[in-house]
Amino acid sequence: MKTEDQQPLILEAAGDVPGDLVAVAAVTAATLLCVYVPVLNESILRILLGVAMVLFVPGYALIAALFPAKGDLDGIERVALSFGLSIAVVPLIGLALNYTPWGIRLDPILASLTLFTLAMTLVAWYRRLLLPAGDRFTVPAREMLGAAWTEFYDPGASRLDRGLSALLVVSIVAAISTTAYVIAVPKEGERFTEFYILGPGGKAADYPIDFAAGSTQSLIVGVGNHEYREIPYTVEALALNQTFDSTTNTSTIHAAEPLDGFMVTVPHNGTEEMAWNFSVPSPDYNRIEFLLFNETVPGPDVQGQERINASYRDLHLWVRVRPA
């Protein structure tokens, strides 16, 4: 493009701001605010804008960049392709991020979607400016609103037509409200708590199972809360002398000694992993029992198998304790 042709294009860009592209940029900016602003990130706006940002906005910006003329596609085709391309573009961006140092996390994904959407918006705006004014795609918002207003307040329309139009509007509002409620208040799934132990390396391996009495050993105790509320848990560990009778398929606890106990408060959908150091005082013990209690913790008079049965979750680790 020649230098003398650039000035009119710049002036035209300043005076011709397409409303649909401005709306795309506004939704993108609003999504960023609803993710990072403390008050907004707990509202329903975060969910609604997040869904739009993933399922529609990037695809619409890409379609606008690919097809800047109003004769390229009609409105229904643009909307349908916007959904389809968004569903295709977002996973591809996630796949690309998977091979970068940033990985698939909230900040890199949101930054990538924002940059992609804004870049496509600028390309779409520029490509529309290269077309004659009458050939550029625009969203006829005023015409659509005017037609809707005429439909509802047409003096020549019958009461039945007006009633059906009002019913249609109520149905659309009800459908949108129901969808928003389902997204914002999802049905609660199964309530459960994860309780697990890991080796000192943070893996389900290399557990301390053969050591000398009195020596210090290490484990990691993990608690995951999926109870839909914050819960103060109590973790206890017992050293047991226990035998198993294979003929009767029963276990007998001959001795039990408390090793340690602590409390941990875990929010819903939160997980806490605590490093735990312990020692078994005598080679008479051959099993370590881990007990998890929620708000209800039995008194000290409940011991042995009764205490194990009263726990919310329990784990055990068979050990071989050698003399010191």
# chains A, B, ... in the order shown; residues from 1 in each chain; ligands from 1
>>> residues_around(residues="Gly59 (chain A)", least_positions_apart="6", cutoff="6 Å", atoms="only C-alpha atoms", output="list of chain:residue names")
A:Ser82, A:Leu85, A:Ser86
>>> closest_residue(among="A:Val51, A:Tyr228, A:Pro323, A:Leu95", to="Arg191 (chain A)", atoms="only C-alpha atoms")
A:Tyr228
